[in-house]
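Okay, structure first, notes after.
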Amino acid sequence: MSSTQSAPDPEALRDLAVAVAAEAGALAAEGQAGITVLETKSSPTDVVTKMDRATEELIRARLLAERPDDAVLGEEGGNESGTSRVRWVVDPIDGTVNYLYGSPDWGVAIAAEVDGVVVAAAVHIPSRGEMFEAVLGGGARRDGEPLRAPDAVPLDRALVATGFGYFPERRVQQARVLLEVVPHIRDIRRGGSAAVDLTGLATGRYNAYYERGLHAWDWSAPGLVATEAGLRVGGPRGGPPSEDLVIAARPGLYEELAELLAPLGADTDG
């Protein structure tokens, strides 16, 4: 990508992400009834449905119809190169197992990067009728209204969301970490979708979140929404979000949770 190209307008990228996420969410919601597993990925519990593929194909087609020179990284379709400064990071159905079982906790997540930095995002949660959107430095919105996360609470009063990986060995280590975390917090929640969890953090449904094993398509869009809503989103040892660990909370609580997790091996498989 050439940095000499003019920078695209993040608000225009956000608007495109919102429009495409709305259409993709409607398609996926319509196809949820009677869906079956198409195949598995990393393990027997890491599933793909035909609607994962169909929804991502729709998203790619709509994005590239408007911006044919852009790159697209999708969970199901891999990395499609482009010649512009923009790359779209797409999770067509975040929370596929929830989707398969008829649970409402799943969403469509679309983020736009410019020169590797996420500048615009949309997350659509069809079951709740919610559309989250954000522009880097321009704030977050839910259904068009400004979104600001509630103030931090002390760690011992925090409702903390988390998730588990697909490999048995990783789950065992995550269970060990959880046993050490639970005595220090109000309670734990396991929803099954990073997009739902991180946007829920921005609305106050949870106070904090951590999870190992996420990918860029899991955190890019909801992570920007959370950040622009006033939350800190990071990774292990003060670094950025990574596949090793994602942590999110209001400043103050974030540091408390990160300090609690650091010696527990939350960013390792034991």
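Following the order of the structure tokens, first chain is A, next is B, and so on, with residues numbered from 1 inside each chain and ligands from 1 in the order they appear.
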
Practice task
Please run DSSP on the backbone and report, as a ChimeraX atom specification, all residues within stretch 17-218 of chain A that come out as alpha helix (DSSP H).
Solution key: /A:17-30,50-66,96-100,168-181,194-203,216-218

Problem - All residues 8 Å or closer to A:Gly107, only C-alpha atoms, same chain fewer than 3 positions away omitted, as number ranges by chain - result: A: 25, 92-95, 123-126, 193, 195-196

Pick out the residues sitting within 12 Å of A:Asp9, and hand them over as a compact mmCIF listing (two decimals) with N, CA and C atoms, in the first residue's frame; count only C-alpha atoms, and ignore anything fewer than 6 positions along from it in its own chain.
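Saved file result_19.txt follows:
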# COMPACT_ATOMS: atom_id res chain seq x y z
N ASP A 15 -19.73 4.71 7.65
CA ASP A 15 -21.08 4.63 7.07
C ASP A 15 -21.24 3.40 6.18
N LEU A 16 -20.20 3.08 5.42
CA LEU A 16 -20.26 1.88 4.59
C LEU A 16 -20.31 0.63 5.46
N ARG A 85 -4.93 1.98 0.75
CA ARG A 85 -4.42 2.03 2.12
C ARG A 85 -5.38 1.39 3.11
N VAL A 86 -6.52 0.88 2.60
CA VAL A 86 -7.58 0.39 3.47
C VAL A 86 -7.63 -1.14 3.46
N ALA A 112 -12.61 -1.06 9.59
CA ALA A 112 -11.78 -0.56 8.50
C ALA A 112 -10.46 -0.07 9.07
N GLU A 113 -9.36 -0.61 8.56
CA GLU A 113 -8.02 -0.14 8.91
C GLU A 113 -7.50 0.78 7.81
N VAL A 114 -6.79 1.80 8.19
CA VAL A 114 -6.02 2.62 7.25
C VAL A 114 -4.56 2.55 7.70
N VAL A 119 -9.75 2.59 12.07
CA VAL A 119 -10.27 3.96 12.14
C VAL A 119 -11.79 4.02 12.12
N ALA A 120 -12.45 2.92 11.76
CA ALA A 120 -13.91 2.93 11.67
C ALA A 120 -14.43 1.52 11.94
N VAL A 135 -15.81 5.86 15.12
CA VAL A 135 -14.75 6.44 14.31
C VAL A 135 -13.61 6.80 15.24
N LEU A 136 -12.39 6.48 14.88
CA LEU A 136 -11.24 6.78 15.72
C LEU A 136 -11.18 8.28 16.01
N GLY A 138 -13.53 10.01 17.08
CA GLY A 138 -14.83 10.65 16.85
C GLY A 138 -15.95 10.10 17.71

Find the residues around stretch 21-23 of chain A up to 8 Å (only C-alpha atoms counted), leave out those fewer than 5 positions away in its own chain, and share them as a short mmCIF file (atom, residue, chain, number, x, y, z; two decimals) with N, CA and C atoms, in the first residue's frame.
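Now in result.cif:
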data_model
loop_
_atom_site.label_atom_id
_atom_site.label_comp_id
_atom_site.auth_asym_id
_atom_site.auth_seq_id
_atom_site.Cartn_x
_atom_site.Cartn_y
_atom_site.Cartn_z
N ILE A 59 -20.71 -9.63 2.53
CA ILE A 59 -19.95 -8.49 3.03
C ILE A 59 -18.82 -8.13 2.06
N VAL A 108 -22.49 -9.30 13.81
CA VAL A 108 -21.69 -9.05 12.61
C VAL A 108 -20.74 -7.90 12.92
N ALA A 109 -19.44 -8.11 12.68
CA ALA A 109 -18.44 -7.09 13.02
C ALA A 109 -17.62 -6.74 11.79
N ILE A 110 -17.55 -5.44 11.48
CA ILE A 110 -16.79 -4.95 10.33
C ILE A 110 -15.96 -3.75 10.77
N ALA A 122 -18.24 -1.02 12.68
CA ALA A 122 -19.67 -1.25 12.90
C ALA A 122 -19.84 -2.65 13.46
N VAL A 123 -20.70 -2.77 14.46
CA VAL A 123 -21.06 -4.07 15.04
C VAL A 123 -22.58 -4.12 15.14
N HIS A 124 -23.17 -5.09 14.46
CA HIS A 124 -24.63 -5.23 14.46
C HIS A 124 -25.01 -6.47 15.26
N MET A 131 -27.21 -1.42 16.62
CA MET A 131 -26.11 -1.13 15.71
C MET A 131 -25.13 -0.23 16.44
#

Exercise for the section: For A:Tyr209, list every protein, DNA or RNA residue within 7 Å, evaluated using only C-alpha atoms, and leave out those in the same chain fewer than 5 positions away; present the list as JSON, numbers by chain. Expected result: {"A": [160, 161, 162, 247, 248, 249]}
